[in-house]
file input.cif (mmCIF, N, CA and C atoms)
data_run
#
loop_
_atom_site.label_atom_id
_atom_site.label_comp_id
_atom_site.auth_asym_id
_atom_site.auth_seq_id
_atom_site.Cartn_x
_atom_site.Cartn_y
_atom_site.Cartn_z
N MET V 21 15.38 6.11 -2.81
CA MET V 21 16.51 5.30 -2.39
C MET V 21 16.88 5.57 -0.93
N GLN V 22 16.71 6.84 -0.52
CA GLN V 22 17.04 7.20 0.85
C GLN V 22 16.16 6.43 1.84
N THR V 23 14.90 6.26 1.52
CA THR V 23 13.98 5.53 2.40
C THR V 23 14.44 4.09 2.57
N TRP V 24 14.87 3.48 1.47
CA TRP V 24 15.37 2.10 1.56
C TRP V 24 16.58 2.00 2.47
N LEU V 25 17.46 2.98 2.40
CA LEU V 25 18.64 2.98 3.26
C LEU V 25 18.25 3.16 4.73
N PHE V 26 17.25 4.01 4.99
CA PHE V 26 16.76 4.19 6.35
C PHE V 26 16.19 2.88 6.89
N VAL V 27 15.40 2.20 6.08
CA VAL V 27 14.81 0.93 6.49
C VAL V 27 15.92 -0.10 6.77
N ALA V 28 16.90 -0.17 5.90
CA ALA V 28 18.00 -1.13 6.08
C ALA V 28 18.80 -0.82 7.35
N ALA V 29 19.10 0.44 7.57
CA ALA V 29 19.86 0.82 8.77
C ALA V 29 19.03 0.52 10.02
N GLY V 30 17.76 0.87 9.97
CA GLY V 30 16.89 0.58 11.11
C GLY V 30 16.77 -0.91 11.35
N GLY V 31 16.70 -1.68 10.29
CA GLY V 31 16.62 -3.13 10.42
C GLY V 31 17.84 -3.71 11.12
N ALA V 32 19.00 -3.19 10.79
CA ALA V 32 20.23 -3.65 11.45
C ALA V 32 20.19 -3.32 12.94
N ILE V 33 19.74 -2.12 13.25
CA ILE V 33 19.65 -1.70 14.65
C ILE V 33 18.64 -2.57 15.40
N GLY V 34 17.46 -2.74 14.80
CA GLY V 34 16.41 -3.53 15.44
C GLY V 34 16.82 -4.98 15.65
N ALA V 35 17.49 -5.56 14.69
CA ALA V 35 17.93 -6.95 14.81
C ALA V 35 18.95 -7.10 15.94
N CYS V 36 19.86 -6.15 16.02
CA CYS V 36 20.86 -6.19 17.10
C CYS V 36 20.20 -5.99 18.46
N LEU V 37 19.23 -5.09 18.53
CA LEU V 37 18.49 -4.89 19.78
C LEU V 37 17.75 -6.17 20.18
N ARG V 38 17.11 -6.79 19.20
CA ARG V 38 16.37 -8.02 19.48
C ARG V 38 17.31 -9.09 20.04
N PHE V 39 18.43 -9.28 19.40
CA PHE V 39 19.39 -10.29 19.85
C PHE V 39 19.90 -9.96 21.25
N GLY V 40 20.26 -8.70 21.45
CA GLY V 40 20.79 -8.28 22.75
C GLY V 40 19.79 -8.44 23.87
N ILE V 41 18.55 -8.06 23.61
CA ILE V 41 17.51 -8.18 24.64
C ILE V 41 17.22 -9.65 24.92
N ALA V 42 17.15 -10.46 23.88
CA ALA V 42 16.90 -11.89 24.07
C ALA V 42 18.01 -12.53 24.90
N GLU V 43 19.24 -12.18 24.61
CA GLU V 43 20.36 -12.73 25.37
C GLU V 43 20.34 -12.25 26.83
N LEU V 44 20.02 -11.00 27.03
CA LEU V 44 19.95 -10.44 28.38
C LEU V 44 18.85 -11.14 29.18
N MET V 45 17.69 -11.32 28.58
CA MET V 45 16.59 -11.98 29.28
C MET V 45 16.94 -13.43 29.60
N ALA V 46 17.62 -14.10 28.68
CA ALA V 46 18.03 -15.49 28.93
C ALA V 46 19.03 -15.54 30.08
N LEU V 47 19.92 -14.58 30.13
CA LEU V 47 20.90 -14.51 31.20
C LEU V 47 20.23 -14.25 32.54
N LEU V 48 19.27 -13.32 32.54
CA LEU V 48 18.61 -12.94 33.78
C LEU V 48 17.56 -13.94 34.25
N LEU V 49 16.80 -14.51 33.31
CA LEU V 49 15.65 -15.32 33.68
C LEU V 49 15.71 -16.78 33.22
N GLY V 50 16.73 -17.11 32.43
CA GLY V 50 16.86 -18.48 31.95
C GLY V 50 16.23 -18.67 30.58
N ARG V 51 16.42 -19.86 30.03
CA ARG V 51 15.94 -20.16 28.68
C ARG V 51 14.72 -21.09 28.68
N HIS V 52 14.07 -21.26 29.81
CA HIS V 52 12.93 -22.17 29.89
C HIS V 52 11.64 -21.55 29.36
N PHE V 53 11.63 -20.27 29.08
CA PHE V 53 10.48 -19.56 28.49
C PHE V 53 11.04 -18.46 27.61
N PRO V 54 10.41 -18.16 26.47
CA PRO V 54 10.95 -17.14 25.56
C PRO V 54 10.70 -15.71 26.07
N TYR V 55 11.31 -15.38 27.21
CA TYR V 55 11.14 -14.05 27.78
C TYR V 55 11.64 -12.95 26.84
N GLY V 56 12.73 -13.20 26.15
CA GLY V 56 13.26 -12.20 25.22
C GLY V 56 12.27 -11.84 24.14
N THR V 57 11.65 -12.85 23.55
CA THR V 57 10.65 -12.61 22.51
C THR V 57 9.46 -11.86 23.07
N LEU V 58 9.02 -12.27 24.25
CA LEU V 58 7.90 -11.59 24.88
C LEU V 58 8.23 -10.12 25.14
N VAL V 59 9.42 -9.85 25.67
CA VAL V 59 9.81 -8.48 25.98
C VAL V 59 9.89 -7.63 24.72
N VAL V 60 10.53 -8.13 23.66
CA VAL V 60 10.65 -7.31 22.45
C VAL V 60 9.29 -7.10 21.80
N ASN V 61 8.40 -8.10 21.85
CA ASN V 61 7.08 -7.94 21.27
C ASN V 61 6.26 -6.90 22.04
N VAL V 62 6.31 -6.96 23.35
CA VAL V 62 5.54 -6.03 24.17
C VAL V 62 6.11 -4.61 24.05
N VAL V 63 7.42 -4.48 24.19
CA VAL V 63 8.05 -3.15 24.11
C VAL V 63 7.90 -2.57 22.71
N GLY V 64 8.14 -3.38 21.69
CA GLY V 64 8.01 -2.91 20.32
C GLY V 64 6.59 -2.47 20.00
N SER V 65 5.61 -3.22 20.48
CA SER V 65 4.22 -2.85 20.25
C SER V 65 3.88 -1.54 20.96
N PHE V 66 4.39 -1.37 22.16
CA PHE V 66 4.16 -0.14 22.91
C PHE V 66 4.75 1.06 22.18
N ILE V 67 5.98 0.93 21.72
CA ILE V 67 6.64 2.03 21.01
C ILE V 67 5.92 2.30 19.68
N MET V 68 5.49 1.25 18.98
CA MET V 68 4.75 1.42 17.74
C MET V 68 3.46 2.18 17.99
N GLY V 69 2.77 1.84 19.06
CA GLY V 69 1.53 2.53 19.41
C GLY V 69 1.76 4.00 19.71
N ILE V 70 2.81 4.31 20.44
CA ILE V 70 3.14 5.70 20.76
C ILE V 70 3.46 6.47 19.48
N ALA V 71 4.32 5.91 18.66
CA ALA V 71 4.74 6.60 17.43
C ALA V 71 3.55 6.83 16.50
N PHE V 72 2.72 5.80 16.33
CA PHE V 72 1.57 5.93 15.44
C PHE V 72 0.60 7.00 15.96
N ALA V 73 0.32 6.98 17.26
CA ALA V 73 -0.60 7.95 17.84
C ALA V 73 -0.07 9.37 17.71
N LEU V 74 1.21 9.56 17.99
CA LEU V 74 1.79 10.90 17.88
C LEU V 74 1.70 11.44 16.46
N ILE V 75 1.93 10.59 15.49
CA ILE V 75 1.88 11.02 14.09
C ILE V 75 0.43 11.21 13.64
N SER V 76 -0.44 10.24 13.92
CA SER V 76 -1.82 10.32 13.42
C SER V 76 -2.63 11.42 14.09
N GLN V 77 -2.28 11.78 15.30
CA GLN V 77 -3.00 12.85 16.00
C GLN V 77 -2.38 14.22 15.76
N GLY V 78 -1.33 14.26 14.96
CA GLY V 78 -0.73 15.53 14.58
C GLY V 78 0.21 16.13 15.62
N HIS V 79 0.54 15.39 16.66
CA HIS V 79 1.48 15.89 17.67
C HIS V 79 2.90 15.93 17.13
N VAL V 80 3.16 15.02 16.23
CA VAL V 80 4.47 14.96 15.57
C VAL V 80 4.18 14.87 14.07
N VAL V 81 4.83 15.69 13.29
CA VAL V 81 4.62 15.64 11.85
C VAL V 81 5.32 14.41 11.28
N GLU V 82 4.77 13.90 10.18
CA GLU V 82 5.43 12.77 9.52
C GLU V 82 6.84 13.21 9.16
N HIS V 83 7.76 12.38 9.48
CA HIS V 83 9.17 12.71 9.27
C HIS V 83 9.74 11.73 8.25
N PRO V 84 10.67 12.20 7.44
CA PRO V 84 11.26 11.29 6.45
C PRO V 84 11.94 10.06 7.07
N MET V 85 12.27 10.17 8.36
CA MET V 85 12.93 9.03 9.01
C MET V 85 11.95 8.09 9.69
N LYS V 86 10.64 8.30 9.49
CA LYS V 86 9.63 7.42 10.06
C LYS V 86 9.89 5.96 9.66
N PRO V 87 10.23 5.67 8.40
CA PRO V 87 10.52 4.28 8.04
C PRO V 87 11.70 3.68 8.82
N LEU V 88 12.66 4.52 9.21
CA LEU V 88 13.78 4.03 10.00
C LEU V 88 13.28 3.45 11.31
N LEU V 89 12.38 4.16 11.99
CA LEU V 89 11.86 3.71 13.27
C LEU V 89 10.79 2.63 13.11
N MET V 90 9.75 2.93 12.34
CA MET V 90 8.58 2.05 12.35
C MET V 90 8.73 0.79 11.51
N VAL V 91 9.40 0.89 10.39
CA VAL V 91 9.59 -0.30 9.55
C VAL V 91 10.93 -0.97 9.87
N GLY V 92 11.99 -0.15 9.95
CA GLY V 92 13.32 -0.70 10.17
C GLY V 92 13.54 -1.22 11.58
N ILE V 93 13.63 -0.30 12.54
CA ILE V 93 13.96 -0.70 13.91
C ILE V 93 12.87 -1.57 14.51
N LEU V 94 11.63 -1.07 14.53
CA LEU V 94 10.56 -1.84 15.15
C LEU V 94 10.20 -3.09 14.34
N GLY V 95 10.30 -3.00 13.03
CA GLY V 95 10.02 -4.16 12.19
C GLY V 95 11.01 -5.30 12.43
N ALA V 96 12.26 -4.94 12.63
CA ALA V 96 13.27 -5.97 12.89
C ALA V 96 13.25 -6.40 14.36
N LEU V 97 12.93 -5.44 15.23
CA LEU V 97 12.83 -5.78 16.65
C LEU V 97 11.69 -6.76 16.86
N THR V 98 10.56 -6.47 16.22
CA THR V 98 9.40 -7.33 16.36
C THR V 98 8.38 -7.05 15.28
N THR V 99 8.03 -8.04 14.50
CA THR V 99 6.94 -7.83 13.56
C THR V 99 5.61 -7.88 14.28
N PHE V 100 5.62 -8.32 15.51
CA PHE V 100 4.39 -8.37 16.28
C PHE V 100 3.82 -6.97 16.48
N SER V 101 4.70 -5.97 16.53
CA SER V 101 4.21 -4.60 16.69
C SER V 101 3.40 -4.19 15.46
N SER V 102 3.82 -4.58 14.29
CA SER V 102 3.06 -4.28 13.08
C SER V 102 1.72 -5.01 13.08
N PHE V 103 1.73 -6.26 13.47
CA PHE V 103 0.50 -7.04 13.58
C PHE V 103 -0.46 -6.39 14.57
N ALA V 104 0.05 -5.98 15.71
CA ALA V 104 -0.79 -5.36 16.73
C ALA V 104 -1.37 -4.04 16.23
N LEU V 105 -0.54 -3.23 15.58
CA LEU V 105 -1.01 -1.96 15.05
C LEU V 105 -2.09 -2.18 13.99
N ASP V 106 -1.86 -3.09 13.06
CA ASP V 106 -2.85 -3.38 12.02
C ASP V 106 -4.18 -3.79 12.64
N THR V 107 -4.13 -4.62 13.66
CA THR V 107 -5.35 -5.12 14.30
C THR V 107 -6.10 -3.99 15.01
N VAL V 108 -5.37 -3.16 15.74
CA VAL V 108 -6.00 -2.05 16.46
C VAL V 108 -6.62 -1.05 15.48
N VAL V 109 -5.91 -0.74 14.39
CA VAL V 109 -6.44 0.20 13.40
C VAL V 109 -7.71 -0.35 12.76
N LEU V 110 -7.74 -1.64 12.45
CA LEU V 110 -8.95 -2.24 11.91
C LEU V 110 -10.12 -2.08 12.89
N ALA V 111 -9.86 -2.36 14.15
CA ALA V 111 -10.91 -2.24 15.17
C ALA V 111 -11.36 -0.79 15.33
N GLN V 112 -10.42 0.14 15.31
CA GLN V 112 -10.77 1.56 15.44
C GLN V 112 -11.64 2.04 14.29
N HIS V 113 -11.49 1.42 13.14
CA HIS V 113 -12.30 1.78 11.98
C HIS V 113 -13.60 0.96 11.92
N GLY V 114 -13.89 0.25 12.98
CA GLY V 114 -15.14 -0.51 13.04
C GLY V 114 -15.11 -1.84 12.34
N ALA V 115 -13.97 -2.24 11.85
CA ALA V 115 -13.85 -3.52 11.14
C ALA V 115 -13.50 -4.62 12.14
N TYR V 116 -14.41 -4.87 13.08
CA TYR V 116 -14.14 -5.82 14.16
C TYR V 116 -13.95 -7.24 13.65
N LEU V 117 -14.74 -7.63 12.67
CA LEU V 117 -14.61 -8.97 12.12
C LEU V 117 -13.23 -9.14 11.46
N LYS V 118 -12.81 -8.12 10.71
CA LYS V 118 -11.48 -8.18 10.09
C LYS V 118 -10.38 -8.21 11.15
N ALA V 119 -10.56 -7.45 12.21
CA ALA V 119 -9.57 -7.45 13.29
C ALA V 119 -9.46 -8.84 13.91
N LEU V 120 -10.61 -9.46 14.19
CA LEU V 120 -10.60 -10.81 14.76
C LEU V 120 -10.03 -11.82 13.77
N LEU V 121 -10.36 -11.65 12.50
CA LEU V 121 -9.82 -12.53 11.46
C LEU V 121 -8.30 -12.38 11.39
N ASN V 122 -7.82 -11.14 11.48
CA ASN V 122 -6.38 -10.90 11.46
C ASN V 122 -5.70 -11.61 12.62
N ILE V 123 -6.30 -11.52 13.80
CA ILE V 123 -5.74 -12.19 14.97
C ILE V 123 -5.71 -13.69 14.75
N GLY V 124 -6.87 -14.24 14.37
CA GLY V 124 -6.96 -15.68 14.20
C GLY V 124 -6.04 -16.24 13.13
N LEU V 125 -6.03 -15.56 11.98
CA LEU V 125 -5.18 -16.04 10.88
C LEU V 125 -3.70 -15.93 11.23
N ASN V 126 -3.29 -14.81 11.82
CA ASN V 126 -1.89 -14.67 12.19
C ASN V 126 -1.46 -15.72 13.20
N LEU V 127 -2.26 -15.91 14.23
CA LEU V 127 -1.88 -16.90 15.24
C LEU V 127 -1.89 -18.31 14.67
N PHE V 128 -3.00 -18.68 14.02
CA PHE V 128 -3.12 -20.05 13.51
C PHE V 128 -2.08 -20.33 12.43
N LEU V 129 -2.03 -19.47 11.42
CA LEU V 129 -1.14 -19.74 10.29
C LEU V 129 0.34 -19.70 10.68
N CYS V 130 0.70 -18.74 11.52
CA CYS V 130 2.12 -18.66 11.92
C CYS V 130 2.52 -19.85 12.78
N LEU V 131 1.66 -20.23 13.71
CA LEU V 131 1.97 -21.42 14.51
C LEU V 131 2.01 -22.67 13.63
N ALA V 132 1.06 -22.76 12.71
CA ALA V 132 1.03 -23.91 11.81
C ALA V 132 2.27 -23.96 10.93
N MET V 133 2.72 -22.82 10.45
CA MET V 133 3.90 -22.79 9.59
C MET V 133 5.17 -23.14 10.36
N VAL V 134 5.24 -22.71 11.61
CA VAL V 134 6.38 -23.11 12.44
C VAL V 134 6.40 -24.63 12.58
N MET V 135 5.25 -25.19 12.88
CA MET V 135 5.16 -26.65 13.02
C MET V 135 5.48 -27.35 11.71
N LEU V 136 4.94 -26.85 10.60
CA LEU V 136 5.20 -27.44 9.29
C LEU V 136 6.68 -27.37 8.95
N GLY V 137 7.27 -26.21 9.16
CA GLY V 137 8.70 -26.07 8.89
C GLY V 137 9.54 -27.04 9.71
N MET V 138 9.18 -27.17 10.99
CA MET V 138 9.91 -28.10 11.85
C MET V 138 9.74 -29.54 11.37
N GLN V 139 8.52 -29.89 10.95
CA GLN V 139 8.27 -31.25 10.46
C GLN V 139 9.01 -31.54 9.16
N LEU V 140 9.05 -30.54 8.27
CA LEU V 140 9.78 -30.72 7.02
C LEU V 140 11.25 -30.98 7.25
N VAL V 141 11.83 -30.21 8.16
CA VAL V 141 13.25 -30.39 8.46
C VAL V 141 13.46 -31.74 9.14
N ALA V 142 12.60 -32.07 10.09
CA ALA V 142 12.75 -33.33 10.81
C ALA V 142 12.62 -34.54 9.89
N SER V 143 11.78 -34.44 8.88
CA SER V 143 11.57 -35.58 7.98
C SER V 143 12.72 -35.74 6.99
N ARG V 144 13.54 -34.72 6.85
CA ARG V 144 14.65 -34.76 5.88
C ARG V 144 16.00 -34.95 6.55
N VAL V 145 16.02 -34.89 7.85
CA VAL V 145 17.31 -35.03 8.56
C VAL V 145 17.48 -36.41 9.09
#
call {"tool": "encode", "arguments": {"input": "input.cif", "output": "structure tokens"}}
result
Amino acid sequence: MQTWLFVAAGGAIGACLRFGIAELMALLLGRHFPYGTLVVNVVGSFIMGIAFALISQGHVVEHPMKPLLMVGILGALTTFSSFALDTVVLAQHGAYLKALLNIGLNLFLCLAMVMLGMQLVASRV
């Protein structure tokens, strides 16, 4: 139960960070490009990579609060960090085809679902 609470608390933090960063980027750079999304995806992926490397290489022991950071905060900040980590780990294990498939399916299916969702709403409004 404690792990679930850590994930929930981290999710709240990550969601607030995402919103705050997106608003800050819009204020600084305008809303003509999704700079906020780009920033949270890049920063979240970078932090995910650091955390994963530190834990997997034994520099930092697995901590009970790992789900707070990696699933909660980073998961809510950006699911792209999880996608990036999954893809890199597949490639590191020599599963290059699976890594490429993961990239292709995530990009194609997610973009397609956004378009489908938008079309469904547009056809009903």
call {"tool": "resolve_selection", "arguments": {"input": "input.cif", "expression": "the PyMOL selection byres (((chain V and resi 119-131 and name CA) around 12) and name CA)", "output": "ChimeraX atom specification"}}
result
/V:99-100,102-118,132-138
call {"tool": "resolve_selection", "arguments": {"input": "input.cif", "expression": "the PyMOL selection byres (((chain V and resi 85 and name CA) around 10) and name CA)", "output": "PyMOL selection string"}}
result
chain V and resi 22-23+26-27+30+82-84+86-92
call {"tool": "resolve_selection", "arguments": {"input": "input.cif", "expression": "the PyMOL selection byres ((chain V and resi 98) around 7)", "output": "list in words"}}
result
Gly34, Arg38, Val60, Asn61, Gly64, Ser65, Ile93, Leu94, Gly95, Ala96, Leu97, Thr99, Phe100, Ser101, Ser102 and Phe103 of chain V
call {"tool": "atom_distance", "arguments": {"input": "input.cif", "atom1": "CA of Leu47 in chain V", "atom2": "CA of Ala35 in chain V"}}
result
18.3 Å
call {"tool": "atom_distance", "arguments": {"input": "input.cif", "atom1": "CA of Gly56 in chain V", "atom2": "CA of Leu37 in chain V"}}
result
10.5 Å
call {"tool": "atom_distance", "arguments": {"input": "input.cif", "atom1": "CA of His79 in chain V", "atom2": "CA of Ala32 in chain V"}}
result
27.8 Å
call {"tool": "select_by_dssp", "arguments": {"input": "input.cif", "residues": "range 36-68 of chain V", "states": "alpha helix (DSSP H)", "output": "ChimeraX atom specification"}}
result
/V:36-49,55-68
